[in-house]
Amino acid sequence: MVRPWLRNPLYDVLLLAFCWVPVYLWVVFGLGLGGAAIGLEPLHRAEAGEALALATMVVLGLTWIHRHYTFVLVYGDRATFGQRSWAYVLSPLIVFGTAVFLLTLEGQIQLFGASVRPFSLMLVAGGVWNIWHTIQQRYGILRAYAGKAGGSLRDRAHGRRDRILLWTLVVALAVALPAVRARTFMEHPNAWRVFTAIAPIVNHPAYWGVLAATFAGTAGIVWWWWRHEREASVDRLPRWIFLGSTIALLLVFVVHGPIVGYLCFGAAHALEYVAFVHNHAEKKWFGRAERGLASVLLGKPMAFAPILIAGFGLAFLAFRAERGSEVYLAYYIGSSMLHFLYDGWIWKSPRRKA
């Protein structure tokens, strides 16, 4: 009998699909960020700044934790490290070396009419890669559910449809958000600067035509995906629950704006990764003779997870005291890019039939 859950219904729903909901409730109803959009008392500027700083620190901490899980998987497992040993040795030297080099460069360069520091180019590259990486992780988990369910869902053709569906939804959100939630961009200076830059586009009459075409195209893609999805005579409920959680995350952007949406998406990405890794590692190592660092730290029941999470969390708090230093900047962006790179290597699945 096929088991379509990655672990079990409770684990999959609470720790994978909707692991971000407690963060959402805390950010919106606890801290009050984005609460005005649903009728809550709006925060004063000083209160909003303090709330955003606290929420950002927590989400950055979760991001730090999940990123270091990848390093345990790579450098704590001889088999994984052996697959690309030279790459795992040279990559940190190249990435951190580039970060340090860019930080030492003085002056600014002109980019699209704006003056930026050379190191900012690495920050921009990391930010763009982060968006790709975050959506691709949810795509990867969606494909893991397809693999568990079996049938035509496992085919490469439907994998392409899954990818197109997810990115279509993301593009539709990006096109619509400046129009439907324009006021929420005012909640953060950087978000407002972005909105100010794109305001001429949003205010142009042609924008509404693009918006209508985007919605029509999105509806067509959803119908095309659904027509093939329903043909599979397998249990798709776990997969649909996870896809539903992704759509709910995108709706957070629509309801509460880009700041709250990004915080929740970042938290979801980190938390679901931690849950996925523990589930994978326990199946791989629990009860076996391996004695590598990864098997010791991760190949145990989930009851041991809080110890590892707390250890990484304390390291983040200790290192965060140096957040204004160049060492912190170099390590933070460098470790981010290594995490993106390594994830693409260690979770690459074999190709299935077309």
# chains A, B, ... in the order shown; residues from 1 in each chain; ligands from 1
call {"tool": "residues_around", "arguments": {"residues": "segment 22-31 of chain A", "least_positions_apart": "6", "cutoff": "8 Å", "atoms": "only C-alpha atoms", "output": "list in words"}}
result
Ala51, Ala55, Val260, Cys264 and Ala267 of chain A
call {"tool": "write_last_selection", "arguments": {"atoms": "N, CA and C atoms", "output": "PDB file, in the first residue's frame"}}
result
ATOM      1  N   ALA A  51       8.888  46.494  16.526  1.00  0.00           N
ATOM      2  CA  ALA A  51       8.287  45.196  16.212  1.00  0.00           C
ATOM      3  C   ALA A  51       8.963  44.553  15.015  1.00  0.00           C
ATOM      4  N   ALA A  55      10.961  40.974  14.918  1.00  0.00           N
ATOM      5  CA  ALA A  55      10.535  39.913  14.003  1.00  0.00           C
ATOM      6  C   ALA A  55      11.647  39.545  13.036  1.00  0.00           C
ATOM      7  N   VAL A 260       5.405  41.588   5.941  1.00  0.00           N
ATOM      8  CA  VAL A 260       4.898  40.433   6.694  1.00  0.00           C
ATOM      9  C   VAL A 260       4.982  39.174   5.840  1.00  0.00           C
ATOM     10  N   CYS A 264       7.067  35.756   6.879  1.00  0.00           N
ATOM     11  CA  CYS A 264       6.433  34.445   7.001  1.00  0.00           C
ATOM     12  C   CYS A 264       7.019  33.441   6.024  1.00  0.00           C
ATOM     13  N   ALA A 267      10.398  32.358   7.390  1.00  0.00           N
ATOM     14  CA  ALA A 267      10.240  31.429   8.509  1.00  0.00           C
ATOM     15  C   ALA A 267       9.802  30.060   8.020  1.00  0.00           C
TER      16      ALA A 267
END
call {"tool": "residues_around", "arguments": {"residues": "Tyr75 of chain A", "least_positions_apart": "6", "cutoff": "9 Å", "atoms": "only C-alpha atoms", "output": "PyMOL selection string"}}
result
chain A and resi 81+88+293-294
call {"tool": "select_by_dssp", "arguments": {"residues": "segment 18-150 of chain A", "states": "alpha helix (DSSP H)", "output": "PyMOL selection string"}}
result
chain A and resi 21-25+45-75+78-83+85-104+118-149
call {"tool": "residues_around", "arguments": {"residues": "segment 66-73 of chain A", "least_positions_apart": "4", "cutoff": "8 Å", "atoms": "only C-alpha atoms", "output": "PyMOL selection string"}}
result
chain A and resi 62+77+80+270-271+273-274+277+293-294+312+335-336+339+342-343
call {"tool": "atom_distance", "arguments": {"atom1": "atom CA of Ile247 of chain A", "atom2": "atom CA of Leu169 of chain A"}}
result
8.1 Å
call {"tool": "closest_residue", "arguments": {"among": "A:Trp347, A:Phe340, A:Trp86, A:Phe319", "to": "His280 of chain A", "atoms": "only C-alpha atoms"}}
result
A:Trp347
call {"tool": "residues_around", "arguments": {"residues": "Glu326 of chain A", "least_positions_apart": "5", "cutoff": "10 Å", "atoms": "only C-alpha atoms", "output": "VMD selection string"}}
result
chain A and resid 99 to 100 103 to 104 331 to 332
call {"tool": "atom_distance", "arguments": {"atom1": "atom CA of Gln136 of chain A", "atom2": "atom CA of Asp162 of chain A"}}
result
10.6 Å
call {"tool": "atom_distance", "arguments": {"atom1": "atom CA of Leu298 of chain A", "atom2": "atom CA of Glu282 of chain A"}}
result
6.6 Å
call {"tool": "closest_atom_pairs", "arguments": {"of": "segment 144-173 of chain A", "to": "segment 223-241 of chain A", "cutoff": "9 Å", "atoms": "only C-alpha atoms", "output": "JSON lines"}}
result
{"residue": "A:Ala144", "atom": "CA", "partner": "A:Arg239", "partner_atom": "CA", "distance": 8.7}
{"residue": "A:Tyr145", "atom": "CA", "partner": "A:Arg239", "partner_atom": "CA", "distance": 5.4}
{"residue": "A:Ala146", "atom": "CA", "partner": "A:Arg239", "partner_atom": "CA", "distance": 7.0}
{"residue": "A:Ala149", "atom": "CA", "partner": "A:Val234", "partner_atom": "CA", "distance": 6.1}
{"residue": "A:Gly150", "atom": "CA", "partner": "A:Val234", "partner_atom": "CA", "distance": 7.0}
{"residue": "A:Gly151", "atom": "CA", "partner": "A:Ala232", "partner_atom": "CA", "distance": 6.1}
{"residue": "A:Ser152", "atom": "CA", "partner": "A:Ala232", "partner_atom": "CA", "distance": 5.7}
{"residue": "A:Leu153", "atom": "CA", "partner": "A:Ala232", "partner_atom": "CA", "distance": 6.5}
{"residue": "A:His158", "atom": "CA", "partner": "A:His228", "partner_atom": "CA", "distance": 7.6}
{"residue": "A:Arg161", "atom": "CA", "partner": "A:Trp225", "partner_atom": "CA", "distance": 6.1}
{"residue": "A:Asp162", "atom": "CA", "partner": "A:Trp225", "partner_atom": "CA", "distance": 7.4}
{"residue": "A:Ile164", "atom": "CA", "partner": "A:Trp225", "partner_atom": "CA", "distance": 8.7}
{"residue": "A:Leu165", "atom": "CA", "partner": "A:Trp225", "partner_atom": "CA", "distance": 7.0}
call {"tool": "select_by_dssp", "arguments": {"residues": "segment 22-188 of chain A", "states": "strand (DSSP E)", "output": "ChimeraX atom specification"}}
result
/A:109-111,114-116
call {"tool": "residues_around", "arguments": {"residues": "Thr98 of chain A", "least_positions_apart": "3", "cutoff": "12 Å", "atoms": "only C-alpha atoms", "output": "number ranges by chain"}}
result
A: 91-95, 101-105, 118-119, 121-123, 330-331, 333-334, 337
call {"tool": "residues_around", "arguments": {"residues": "Leu249 of chain A", "least_positions_apart": "2", "cutoff": "12 Å", "atoms": "only C-alpha atoms", "output": "NGL selection string"}}
result
:A and (17-21 or 23-24 or 135 or 138 or 169-170 or 173 or 242-247 or 251-258 or 260-269)
